[in-house]
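Peer 1: Handing you this structure, nothing more for now.
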Protein chains: 2
Amino acid sequence: MKNDVIPDVVIRRLPVYVRTLRQMLTENITTASSEELGTRVGVSAAQIRRDLSYFGRFGKQGKGYDVGRLEEAVTRILHLDRQWDAALVGFGHLGQAIAQYHGFEENSFRISTIFARNLDHVGQQVNGVVILDQRAITPVVREMGVLIGIIAVPAAAAQAVADQLIEGGVRAILNYAPVILRVPEDVWMREIDPTSALQSLTYYLAGTRPVEAPRHKHRAGNLVDEAAGE
Amino acid sequence: MKNDVIPDVVIRRLPVYVRTLRQMLTENITTASSEELGTRVGVSAAQIRRDLSYFGRFGKQGKGYDVGRLEEAVTRILHLDRQWDAALVGFGHLGQAIAQYHGFEENSFRISTIFARNLDHVGQQVNGVVILDQRAITPVVREMGVLIGIIAVPAAAAQAVADQLIEGGVRAILNYAPVILRVPEDVWMREIDPTSALQSLTYYLAGTRPVEAPRHKHRAGNLVDEAAGE
């Protein structure tokens with residue numbers, strides 16, 4: 001399993017596989033074909049088989065996948081069999097929503113530090129985490145050994161925050177600020193960019209009312225990387 | 001320009017091109033090579049050229065792109081030369097953050113309707129928009145001719161909300177609920193899924209401290225669809 005031969009787009013689909021497999025387990029579904037899994041995830045069966053083939057052999061010819069074992073395997077591949085601490089920077093409306101969000105905790109993440117610029121927020125507690133002064137990002141993150149940063153500050157402040165996080169040792173950043181950040185080669189980024197998502201949807205709303213269905217379409221747009229040929 | 005021959009992944013990159021081109025205009029940059037544009041966007045120059053080639057000829061051999069004209073062209077392609085109304089469903093922490101977010105307005109979108117389940121919120125005003133009872137989604141959306149829905153309700157409620165929006169005529173959905181929604185063929189979806197984004201980042205944090213830089217990496221992970229070959 002070598003980092004450098006697995007396309008990032010494959011890695012980005014794996015969490016959706018994990019979520020889908022966990023959902024199937026709650027429905028007491030113990031085996032699934034690549035077709036069934038693909039339908040739930042929103043990609044083709046061929047895509048499922050190709051993605052998983054990077055990590056070994058999982059399905060049995062004619063029997064499909066063992067849902068429980070596949071869930072465990074993908075969980076391990078993504079290193080979700082442990083809990084990860086994350087530092088949240090920004091405590092405006094968005095930062096507060098993120099701090100209150102329970103989805104991270106249920107999925108191997110814990111916001112262990114929160115930084116705010118507004119001194120009225122500094123010293124407050126959120127779920128047992130004391131809010132710290134944003135100026136202390138680098139030393140605190142380094143001291144705590146936090147590797148994951150979540151940026152929820154205005155666009156103009158985001159690059160400086162990213163630099164301070166990275167200076168403190170952060171190697172993975174989830175960026176909510178609507179700006180493209182420049183980061184060193186050994187830092188990984190994901191952007192949460194709802195404006196771009198909306199702006200790509202309007203492409204399909206051309207000459208609407210009545211809407212003509214496009215002949216080809218991808219259901220889960222942000223998971224699909226296949227070119228027109230597939 | 002036919003909808004069915006342009007891969008969705010290309011469409012998803014266009015908003016980032018628009019944002020980048022607008023940023024360049026504010027910096028008084030009037031021409032740019034595909035290399036320069038690619039560096040700013042975080043994809044290869046070849047990718048830029050290939051993406052734009054779907055829509056016609058934009059660059060001049062040896063002269064690069066006219067930034068202003070390219071920005072106008074991509075804006076038109078995405079139908080961002082008008083304002084789009086959107087209905088927001090959900091007014092918890094996340095819904096409130098979305099309602100207060102100014103990024104949509106500056107980028108061709110206006111939240112024209114807000115629906116809440118909590119009757120304490122119904123009747124309140126946010127930026128001049130009165131919050132309505134969530135049970136009225138279908139008739140209100142139909143009456144207003146809204147084509148875009150933003151779902152910010154808990155996972156368990158999301159499918160029902162999507163169904164009601166679509167019943168009212170919505171054809172494009174931005175889904176913040178951590179669940180895969182089933183929608184008809186003529187409805188387009190984007191998912192805003194920070195948990196999955198975080199879960200795909202930890203893949204790269206294997207055996208960290210010290211971190212070994214992967215040999216190949218994509219800087220803007222969610223924009224890149226290229227397989228390992230490129």
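To be explicit about the labels: the chains of the structure tokens are called A, B, and onward in the order shown, and within each one the residues are counted from 1, while ligands get numbers from 1 in the order they are shown.
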Skip Ala116 (chain B) itself and residues of its chain fewer than 4 positions away, then list as a list of chain:residue names all residues within 6 Å of it, counting only C-alpha atoms.
Peer 2: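 My list of contacting residues is B:Gly90, B:Phe91, B:Asp133, B:Gln134.
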Peer 1: Leaving out Val130 (chain B) and any residue of its chain fewer than 5 positions from it, which residues lie within 8 Å of it when counting only C-alpha atoms, given as a list in words?
Peer 2: Thr113, Ile114, Val122, Gly123, Gln124 and Gln125 of chain B
Peer 1: Step one, run DSSP on the backbone; step two, keep only residues of region 6-224 of chain B assigned to strand (DSSP E); then write them as a tab-separated table (two decimals) with all heavy atoms, in the first residue's frame.
Peer 2:
```
chain	number	residue	atom	x	y	z
B	31	THR	N	-3.85	39.43	-18.36
B	31	THR	CA	-3.63	38.22	-19.13
B	31	THR	C	-2.94	37.18	-18.26
B	31	THR	O	-2.24	37.52	-17.30
B	31	THR	CB	-2.74	38.46	-20.39
B	31	THR	OG1	-1.46	38.93	-19.95
B	31	THR	CG2	-3.37	39.46	-21.34
B	32	ALA	N	-3.18	35.91	-18.59
B	32	ALA	CA	-2.59	34.83	-17.80
B	32	ALA	C	-2.39	33.61	-18.68
B	32	ALA	O	-3.23	33.31	-19.53
B	32	ALA	CB	-3.49	34.48	-16.62
B	65	TYR	N	-4.47	33.77	-21.80
B	65	TYR	CA	-5.89	34.11	-21.73
B	65	TYR	C	-6.07	35.59	-21.40
B	65	TYR	O	-5.32	36.15	-20.60
B	65	TYR	CB	-6.59	33.28	-20.66
B	65	TYR	CG	-6.54	31.80	-20.92
B	65	TYR	CD1	-5.68	30.98	-20.19
B	65	TYR	CD2	-7.36	31.22	-21.88
B	65	TYR	CE1	-5.63	29.61	-20.42
B	65	TYR	CE2	-7.32	29.85	-22.12
B	65	TYR	CZ	-6.45	29.06	-21.39
B	65	TYR	OH	-6.40	27.72	-21.63
B	66	ASP	N	-7.11	36.17	-21.98
B	66	ASP	CA	-7.56	37.50	-21.57
B	66	ASP	C	-8.42	37.27	-20.32
B	66	ASP	O	-9.50	36.70	-20.39
B	66	ASP	CB	-8.40	38.13	-22.70
B	66	ASP	CG	-8.94	39.50	-22.32
B	66	ASP	OD1	-9.49	39.64	-21.20
B	66	ASP	OD2	-8.84	40.42	-23.14
B	84	TRP	N	-29.93	34.02	-8.53
B	84	TRP	CA	-30.76	32.84	-8.31
B	84	TRP	C	-31.33	32.85	-6.89
B	84	TRP	O	-30.59	33.08	-5.93
B	84	TRP	CB	-29.93	31.57	-8.50
B	84	TRP	CG	-29.45	31.35	-9.89
B	84	TRP	CD1	-28.30	31.83	-10.44
B	84	TRP	CD2	-30.10	30.60	-10.92
B	84	TRP	NE1	-28.19	31.42	-11.74
B	84	TRP	CE2	-29.28	30.66	-12.07
B	84	TRP	CE3	-31.29	29.86	-10.98
B	84	TRP	CZ2	-29.62	30.02	-13.26
B	84	TRP	CZ3	-31.62	29.23	-12.17
B	84	TRP	CH2	-30.80	29.32	-13.29
B	85	ASP	N	-32.62	32.57	-6.79
B	85	ASP	CA	-33.22	32.43	-5.47
B	85	ASP	C	-33.01	31.02	-4.95
B	85	ASP	O	-33.05	30.05	-5.71
B	85	ASP	CB	-34.74	32.69	-5.54
B	85	ASP	CG	-35.04	34.18	-5.63
B	85	ASP	OD1	-34.13	34.98	-5.35
B	85	ASP	OD2	-36.17	34.53	-5.99
B	86	ALA	N	-32.79	30.90	-3.65
B	86	ALA	CA	-32.63	29.59	-3.04
B	86	ALA	C	-33.48	29.52	-1.77
B	86	ALA	O	-33.67	30.52	-1.09
B	86	ALA	CB	-31.16	29.34	-2.69
B	87	ALA	N	-34.00	28.33	-1.50
B	87	ALA	CA	-34.76	28.09	-0.27
B	87	ALA	C	-33.88	27.34	0.71
B	87	ALA	O	-33.32	26.30	0.37
B	87	ALA	CB	-36.02	27.28	-0.59
B	88	LEU	N	-33.76	27.88	1.91
B	88	LEU	CA	-32.98	27.22	2.97
B	88	LEU	C	-33.94	26.49	3.90
B	88	LEU	O	-34.90	27.09	4.40
B	88	LEU	CB	-32.19	28.28	3.76
B	88	LEU	CG	-31.54	27.84	5.07
B	88	LEU	CD1	-30.44	26.81	4.82
B	88	LEU	CD2	-30.96	29.06	5.81
B	89	VAL	N	-33.68	25.22	4.14
B	89	VAL	CA	-34.51	24.46	5.09
B	89	VAL	C	-33.64	24.05	6.27
B	89	VAL	O	-32.61	23.39	6.09
B	89	VAL	CB	-35.14	23.22	4.44
B	89	VAL	CG1	-36.11	22.56	5.43
B	89	VAL	CG2	-35.84	23.56	3.14
B	109	PHE	N	-26.39	34.37	-5.65
B	109	PHE	CA	-27.45	33.65	-4.95
B	109	PHE	C	-28.06	34.50	-3.85
B	109	PHE	O	-27.38	35.32	-3.23
B	109	PHE	CB	-26.90	32.35	-4.34
B	109	PHE	CG	-26.36	31.44	-5.39
B	109	PHE	CD1	-25.02	31.46	-5.71
B	109	PHE	CD2	-27.22	30.61	-6.10
B	109	PHE	CE1	-24.53	30.65	-6.73
B	109	PHE	CE2	-26.73	29.80	-7.11
B	109	PHE	CZ	-25.38	29.82	-7.42
B	110	ARG	N	-29.35	34.27	-3.62
B	110	ARG	CA	-30.06	34.98	-2.57
B	110	ARG	C	-30.94	33.97	-1.86
B	110	ARG	O	-31.70	33.24	-2.51
B	110	ARG	CB	-30.94	36.06	-3.21
B	110	ARG	CG	-31.53	37.05	-2.24
B	110	ARG	CD	-32.31	38.12	-2.99
B	110	ARG	NE	-33.61	37.59	-3.43
B	110	ARG	CZ	-34.74	37.79	-2.76
B	110	ARG	NH1	-34.76	38.50	-1.66
B	110	ARG	NH2	-35.88	37.28	-3.21
B	111	ILE	N	-30.79	33.86	-0.57
B	111	ILE	CA	-31.70	32.99	0.18
B	111	ILE	C	-33.00	33.76	0.31
B	111	ILE	O	-33.10	34.73	1.07
B	111	ILE	CB	-31.09	32.61	1.54
B	111	ILE	CG1	-29.89	31.68	1.29
B	111	ILE	CG2	-32.14	31.90	2.40
B	111	ILE	CD1	-29.12	31.30	2.53
B	112	SER	N	-34.00	33.34	-0.46
B	112	SER	CA	-35.25	34.10	-0.55
B	112	SER	C	-36.32	33.52	0.37
B	112	SER	O	-37.36	34.15	0.58
B	112	SER	CB	-35.75	34.10	-1.99
B	112	SER	OG	-35.95	32.78	-2.44
B	113	THR	N	-36.09	32.33	0.88
B	113	THR	CA	-37.05	31.68	1.77
B	113	THR	C	-36.29	30.85	2.78
B	113	THR	O	-35.30	30.21	2.43
B	113	THR	CB	-37.96	30.69	0.99
B	113	THR	OG1	-38.16	31.18	-0.33
B	113	THR	CG2	-39.28	30.49	1.70
B	114	ILE	N	-36.75	30.88	4.02
B	114	ILE	CA	-36.14	30.05	5.07
B	114	ILE	C	-37.26	29.28	5.75
B	114	ILE	O	-38.31	29.85	6.07
B	114	ILE	CB	-35.39	30.91	6.10
B	114	ILE	CG1	-34.27	31.72	5.42
B	114	ILE	CG2	-34.81	30.04	7.22
B	114	ILE	CD1	-33.61	32.75	6.34
B	115	PHE	N	-37.06	27.99	5.91
B	115	PHE	CA	-38.04	27.16	6.60
B	115	PHE	C	-37.43	26.59	7.88
B	115	PHE	O	-36.28	26.15	7.88
B	115	PHE	CB	-38.48	25.99	5.71
B	115	PHE	CG	-39.19	26.42	4.46
B	115	PHE	CD1	-38.49	26.53	3.26
B	115	PHE	CD2	-40.55	26.70	4.48
B	115	PHE	CE1	-39.15	26.93	2.10
B	115	PHE	CE2	-41.21	27.10	3.32
B	115	PHE	CZ	-40.50	27.21	2.13
B	116	ALA	N	-38.20	26.60	8.96
B	116	ALA	CA	-37.75	26.04	10.23
B	116	ALA	C	-38.81	25.08	10.76
B	116	ALA	O	-39.99	25.21	10.45
B	116	ALA	CB	-37.48	27.14	11.25
B	125	GLN	N	-37.46	37.29	11.44
B	125	GLN	CA	-36.88	37.75	10.19
B	125	GLN	C	-35.36	37.65	10.21
B	125	GLN	O	-34.73	37.94	11.20
B	125	GLN	CB	-37.25	39.22	9.94
B	125	GLN	CG	-38.66	39.40	9.43
B	125	GLN	CD	-38.81	40.70	8.66
B	125	GLN	OE1	-37.84	41.23	8.14
B	125	GLN	NE2	-40.03	41.19	8.56
B	126	VAL	N	-34.80	37.24	9.08
B	126	VAL	CA	-33.35	37.20	8.91
B	126	VAL	C	-33.02	37.92	7.61
B	126	VAL	O	-33.44	37.48	6.53
B	126	VAL	CB	-32.82	35.75	8.82
B	126	VAL	CG1	-31.30	35.76	8.71
B	126	VAL	CG2	-33.27	34.93	10.02
B	129	VAL	N	-35.89	38.33	5.40
B	129	VAL	CA	-36.63	37.14	4.99
B	129	VAL	C	-37.35	36.56	6.21
B	129	VAL	O	-36.73	36.30	7.24
B	129	VAL	CB	-35.68	36.07	4.40
B	129	VAL	CG1	-36.44	34.80	4.03
B	129	VAL	CG2	-34.93	36.63	3.21
B	130	VAL	N	-38.68	36.39	6.08
B	130	VAL	CA	-39.46	35.84	7.19
B	130	VAL	C	-39.33	34.32	7.20
B	130	VAL	O	-39.45	33.67	6.16
B	130	VAL	CB	-40.95	36.23	7.06
B	130	VAL	CG1	-41.76	35.63	8.21
B	130	VAL	CG2	-41.09	37.75	7.03
B	131	ILE	N	-39.06	33.77	8.38
B	131	ILE	CA	-38.92	32.31	8.50
B	131	ILE	C	-40.30	31.67	8.50
B	131	ILE	O	-41.20	32.08	9.23
B	131	ILE	CB	-38.15	31.96	9.78
B	131	ILE	CG1	-36.76	32.59	9.73
B	131	ILE	CG2	-38.07	30.45	9.97
B	131	ILE	CD1	-35.94	32.40	10.99
B	132	LEU	N	-40.46	30.65	7.66
B	132	LEU	CA	-41.75	29.98	7.50
B	132	LEU	C	-41.73	28.60	8.12
B	132	LEU	O	-40.68	28.02	8.38
B	132	LEU	CB	-42.10	29.87	6.01
B	132	LEU	CG	-42.11	31.19	5.22
B	132	LEU	CD1	-42.38	30.90	3.75
B	132	LEU	CD2	-43.15	32.15	5.79
B	133	ASP	N	-42.92	28.07	8.32
B	133	ASP	CA	-43.10	26.72	8.88
B	133	ASP	C	-42.66	25.68	7.84
B	133	ASP	O	-43.09	25.72	6.69
B	133	ASP	CB	-44.58	26.53	9.22
B	133	ASP	CG	-44.83	25.23	9.98
B	133	ASP	OD1	-44.09	24.24	9.78
B	133	ASP	OD2	-45.79	25.22	10.77
B	148	ILE	N	-33.68	26.13	-6.43
B	148	ILE	CA	-32.52	25.69	-5.66
B	148	ILE	C	-32.89	25.54	-4.19
B	148	ILE	O	-33.48	26.44	-3.59
B	148	ILE	CB	-31.36	26.71	-5.78
B	148	ILE	CG1	-30.94	26.85	-7.26
B	148	ILE	CG2	-30.18	26.31	-4.91
B	148	ILE	CD1	-29.93	27.96	-7.50
B	149	GLY	N	-32.58	24.40	-3.61
B	149	GLY	CA	-32.83	24.16	-2.20
B	149	GLY	C	-31.54	23.89	-1.45
B	149	GLY	O	-30.61	23.28	-1.99
B	150	ILE	N	-31.47	24.39	-0.22
B	150	ILE	CA	-30.31	24.15	0.64
B	150	ILE	C	-30.82	23.42	1.88
B	150	ILE	O	-31.66	23.95	2.61
B	150	ILE	CB	-29.62	25.47	1.04
B	150	ILE	CG1	-29.18	26.24	-0.22
B	150	ILE	CG2	-28.45	25.22	1.97
B	150	ILE	CD1	-28.63	27.64	0.06
B	151	ILE	N	-30.34	22.21	2.08
B	151	ILE	CA	-30.84	21.39	3.18
B	151	ILE	C	-29.86	21.41	4.34
B	151	ILE	O	-28.72	20.99	4.21
B	151	ILE	CB	-31.09	19.94	2.70
B	151	ILE	CG1	-32.17	19.94	1.61
B	151	ILE	CG2	-31.49	19.04	3.87
B	151	ILE	CD1	-32.52	18.57	1.07
B	172	ALA	N	-32.19	21.65	-8.03
B	172	ALA	CA	-30.78	21.63	-7.63
B	172	ALA	C	-30.74	21.73	-6.11
B	172	ALA	O	-31.40	22.59	-5.52
B	172	ALA	CB	-30.02	22.79	-8.25
B	173	ILE	N	-30.01	20.81	-5.48
B	173	ILE	CA	-29.99	20.76	-4.02
B	173	ILE	C	-28.56	20.77	-3.50
B	173	ILE	O	-27.71	20.02	-3.97
B	173	ILE	CB	-30.72	19.51	-3.50
B	173	ILE	CG1	-32.23	19.63	-3.79
B	173	ILE	CG2	-30.48	19.29	-2.01
B	173	ILE	CD1	-33.03	18.40	-3.41
B	174	LEU	N	-28.33	21.65	-2.53
B	174	LEU	CA	-27.08	21.65	-1.78
B	174	LEU	C	-27.39	20.99	-0.44
B	174	LEU	O	-28.16	21.53	0.35
B	174	LEU	CB	-26.61	23.10	-1.58
B	174	LEU	CG	-25.22	23.32	-1.00
B	174	LEU	CD1	-24.15	22.80	-1.95
B	174	LEU	CD2	-25.00	24.80	-0.72
B	175	ASN	N	-26.81	19.83	-0.21
B	175	ASN	CA	-27.17	19.04	0.97
B	175	ASN	C	-26.08	19.04	2.03
B	175	ASN	O	-24.99	18.52	1.81
B	175	ASN	CB	-27.47	17.59	0.56
B	175	ASN	CG	-27.80	16.72	1.76
B	175	ASN	OD1	-28.36	17.19	2.74
B	175	ASN	ND2	-27.45	15.45	1.69
B	188	TRP	N	-30.27	17.76	-9.57
B	188	TRP	CA	-28.83	17.75	-9.34
B	188	TRP	C	-28.50	18.03	-7.89
B	188	TRP	O	-29.10	18.89	-7.26
B	188	TRP	CB	-28.15	18.78	-10.25
B	188	TRP	CG	-28.13	18.27	-11.65
B	188	TRP	CD1	-29.15	18.36	-12.56
B	188	TRP	CD2	-27.09	17.54	-12.28
B	188	TRP	NE1	-28.79	17.73	-13.72
B	188	TRP	CE2	-27.52	17.22	-13.58
B	188	TRP	CE3	-25.81	17.12	-11.87
B	188	TRP	CZ2	-26.73	16.50	-14.47
B	188	TRP	CZ3	-25.04	16.42	-12.76
B	188	TRP	CH2	-25.49	16.11	-14.05
B	189	MET	N	-27.51	17.33	-7.38
B	189	MET	CA	-27.16	17.40	-5.97
B	189	MET	C	-25.69	17.74	-5.79
B	189	MET	O	-24.85	17.27	-6.55
B	189	MET	CB	-27.33	16.01	-5.35
B	189	MET	CG	-28.73	15.55	-5.20
B	189	MET	SD	-29.25	15.92	-3.54
B	189	MET	CE	-27.84	15.26	-2.64
B	190	ARG	N	-25.40	18.49	-4.74
B	190	ARG	CA	-24.02	18.58	-4.24
B	190	ARG	C	-24.09	18.34	-2.75
B	190	ARG	O	-25.03	18.81	-2.09
B	190	ARG	CB	-23.41	19.97	-4.47
B	190	ARG	CG	-23.30	20.38	-5.92
B	190	ARG	CD	-22.14	19.71	-6.61
B	190	ARG	NE	-21.98	20.24	-7.95
B	190	ARG	CZ	-22.07	19.49	-9.06
B	190	ARG	NH1	-22.29	18.20	-8.98
B	190	ARG	NH2	-21.90	20.05	-10.23
B	191	GLU	N	-23.10	17.64	-2.24
B	191	GLU	CA	-23.07	17.39	-0.81
B	191	GLU	C	-21.94	18.19	-0.17
B	191	GLU	O	-20.85	18.25	-0.69
B	191	GLU	CB	-22.84	15.89	-0.55
B	191	GLU	CG	-24.02	15.05	-1.00
B	191	GLU	CD	-23.70	13.58	-1.04
B	191	GLU	OE1	-22.61	13.17	-0.62
B	191	GLU	OE2	-24.56	12.81	-1.52
```
Peer 1: Please return, as number ranges by chain, all residues of region 25-134 of chain B that DSSP assigns to alpha helix (DSSP H) on the basis of the backbone.
Peer 2: B: 25-26, 34-41, 45-53, 67-77, 93-100
Peer 1: Those selected residues, please, written with N, CA, C and O atoms and delivered as a short mmCIF file (atom, residue, chain, number, x, y, z; two decimals), in the first residue's frame.
Peer 2:
```
data_model
loop_
_atom_site.label_atom_id
_atom_site.label_comp_id
_atom_site.auth_asym_id
_atom_site.auth_seq_id
_atom_site.Cartn_x
_atom_site.Cartn_y
_atom_site.Cartn_z
N LEU B 25 -8.38 39.83 -11.49
CA LEU B 25 -8.83 41.15 -11.95
C LEU B 25 -8.66 42.20 -10.86
O LEU B 25 -8.28 43.34 -11.14
N THR B 26 -8.94 41.81 -9.60
CA THR B 26 -8.76 42.79 -8.51
C THR B 26 -7.28 43.13 -8.34
O THR B 26 -6.94 44.17 -7.81
N SER B 34 -2.00 29.41 -19.09
CA SER B 34 -2.65 28.29 -18.42
C SER B 34 -1.81 27.84 -17.23
O SER B 34 -2.34 27.35 -16.24
N GLU B 35 -0.49 28.03 -17.31
CA GLU B 35 0.37 27.68 -16.18
C GLU B 35 0.05 28.55 -14.96
O GLU B 35 -0.09 28.07 -13.84
N GLU B 36 -0.03 29.87 -15.23
CA GLU B 36 -0.31 30.79 -14.12
C GLU B 36 -1.67 30.50 -13.50
O GLU B 36 -1.84 30.46 -12.28
N LEU B 37 -2.66 30.31 -14.38
CA LEU B 37 -4.00 30.02 -13.89
C LEU B 37 -4.01 28.70 -13.11
O LEU B 37 -4.57 28.61 -12.02
N GLY B 38 -3.32 27.71 -13.67
CA GLY B 38 -3.27 26.40 -13.01
C GLY B 38 -2.63 26.47 -11.64
O GLY B 38 -3.12 25.86 -10.68
N THR B 39 -1.56 27.23 -11.53
CA THR B 39 -0.87 27.36 -10.25
C THR B 39 -1.81 27.95 -9.20
O THR B 39 -1.88 27.48 -8.07
N ARG B 40 -2.56 28.97 -9.60
CA ARG B 40 -3.47 29.61 -8.65
C ARG B 40 -4.62 28.68 -8.26
O ARG B 40 -5.06 28.65 -7.11
N VAL B 41 -5.12 27.94 -9.25
CA VAL B 41 -6.28 27.07 -8.99
C VAL B 41 -5.86 25.80 -8.26
O VAL B 41 -6.62 25.26 -7.46
N ALA B 45 -1.60 22.89 -15.81
CA ALA B 45 -1.91 23.73 -16.98
C ALA B 45 -2.67 22.92 -18.02
O ALA B 45 -3.60 23.43 -18.67
N ALA B 46 -2.31 21.65 -18.18
CA ALA B 46 -2.98 20.79 -19.16
C ALA B 46 -4.46 20.64 -18.81
O ALA B 46 -5.34 20.63 -19.68
N GLN B 47 -4.71 20.52 -17.51
CA GLN B 47 -6.10 20.38 -17.05
C GLN B 47 -6.91 21.64 -17.38
O GLN B 47 -8.05 21.56 -17.84
N ILE B 48 -6.32 22.79 -17.14
CA ILE B 48 -6.98 24.06 -17.46
C ILE B 48 -7.34 24.09 -18.95
O ILE B 48 -8.48 24.38 -19.32
N ARG B 49 -6.37 23.77 -19.78
CA ARG B 49 -6.60 23.84 -21.23
C ARG B 49 -7.68 22.85 -21.66
O ARG B 49 -8.56 23.16 -22.45
N ARG B 50 -7.61 21.63 -21.09
CA ARG B 50 -8.58 20.60 -21.45
C ARG B 50 -9.99 21.00 -21.00
O ARG B 50 -10.96 20.87 -21.75
N ASP B 51 -10.10 21.50 -19.78
CA ASP B 51 -11.41 21.90 -19.26
C ASP B 51 -12.03 22.99 -20.14
O ASP B 51 -13.20 22.90 -20.53
N LEU B 52 -11.23 24.00 -20.46
CA LEU B 52 -11.79 25.13 -21.20
C LEU B 52 -12.10 24.76 -22.65
O LEU B 52 -13.00 25.33 -23.27
N SER B 53 -11.38 23.75 -23.16
CA SER B 53 -11.59 23.37 -24.56
C SER B 53 -13.00 22.83 -24.80
O SER B 53 -13.49 22.83 -25.92
N VAL B 67 -7.92 37.68 -19.16
CA VAL B 67 -8.55 37.34 -17.88
C VAL B 67 -9.99 37.84 -17.82
O VAL B 67 -10.90 37.11 -17.42
N GLY B 68 -10.22 39.08 -18.25
CA GLY B 68 -11.56 39.66 -18.19
C GLY B 68 -12.55 38.92 -19.07
O GLY B 68 -13.66 38.61 -18.65
N ARG B 69 -12.11 38.62 -20.30
CA ARG B 69 -13.03 37.95 -21.21
C ARG B 69 -13.30 36.51 -20.77
O ARG B 69 -14.42 36.01 -20.89
N LEU B 70 -12.27 35.86 -20.24
CA LEU B 70 -12.47 34.48 -19.77
C LEU B 70 -13.41 34.47 -18.56
O LEU B 70 -14.29 33.61 -18.45
N GLU B 71 -13.25 35.44 -17.68
CA GLU B 71 -14.13 35.52 -16.50
C GLU B 71 -15.59 35.69 -16.95
O GLU B 71 -16.49 35.01 -16.45
N GLU B 72 -15.80 36.59 -17.92
CA GLU B 72 -17.16 36.79 -18.43
C GLU B 72 -17.72 35.52 -19.07
O GLU B 72 -18.88 35.18 -18.88
N ALA B 73 -16.88 34.85 -19.83
CA ALA B 73 -17.34 33.65 -20.54
C ALA B 73 -17.74 32.55 -19.55
O ALA B 73 -18.81 31.95 -19.67
N VAL B 74 -16.89 32.30 -18.55
CA VAL B 74 -17.20 31.22 -17.61
C VAL B 74 -18.40 31.60 -16.75
O VAL B 74 -19.24 30.76 -16.43
N THR B 75 -18.50 32.88 -16.42
CA THR B 75 -19.68 33.35 -15.69
C THR B 75 -20.95 33.04 -16.47
O THR B 75 -21.95 32.56 -15.92
N ARG B 76 -20.92 33.30 -17.78
CA ARG B 76 -22.09 33.02 -18.62
C ARG B 76 -22.37 31.53 -18.72
O ARG B 76 -23.51 31.09 -18.64
N ILE B 77 -21.31 30.74 -18.88
CA ILE B 77 -21.48 29.28 -19.00
C ILE B 77 -22.20 28.73 -17.77
O ILE B 77 -23.07 27.87 -17.87
N HIS B 93 -28.04 25.63 14.42
CA HIS B 93 -26.75 26.33 14.34
C HIS B 93 -26.29 26.46 12.90
O HIS B 93 -25.88 27.53 12.46
N LEU B 94 -26.35 25.34 12.17
CA LEU B 94 -25.85 25.35 10.80
C LEU B 94 -26.71 26.23 9.91
O LEU B 94 -26.20 27.07 9.16
N GLY B 95 -28.04 26.06 10.00
CA GLY B 95 -28.94 26.87 9.18
C GLY B 95 -28.74 28.35 9.44
O GLY B 95 -28.75 29.18 8.52
N GLN B 96 -28.54 28.71 10.71
CA GLN B 96 -28.33 30.11 11.05
C GLN B 96 -27.02 30.64 10.46
O GLN B 96 -26.96 31.76 9.96
N ALA B 97 -25.99 29.79 10.50
CA ALA B 97 -24.71 30.19 9.90
C ALA B 97 -24.88 30.42 8.40
O ALA B 97 -24.36 31.39 7.84
N ILE B 98 -25.64 29.54 7.76
CA ILE B 98 -25.86 29.66 6.32
C ILE B 98 -26.67 30.92 6.01
O ILE B 98 -26.36 31.67 5.08
N ALA B 99 -27.70 31.18 6.82
CA ALA B 99 -28.55 32.35 6.59
C ALA B 99 -27.76 33.65 6.73
O ALA B 99 -28.05 34.64 6.07
N GLN B 100 -26.76 33.65 7.60
CA GLN B 100 -25.97 34.86 7.85
C GLN B 100 -24.80 35.00 6.89
O GLN B 100 -24.13 36.04 6.85
#
```
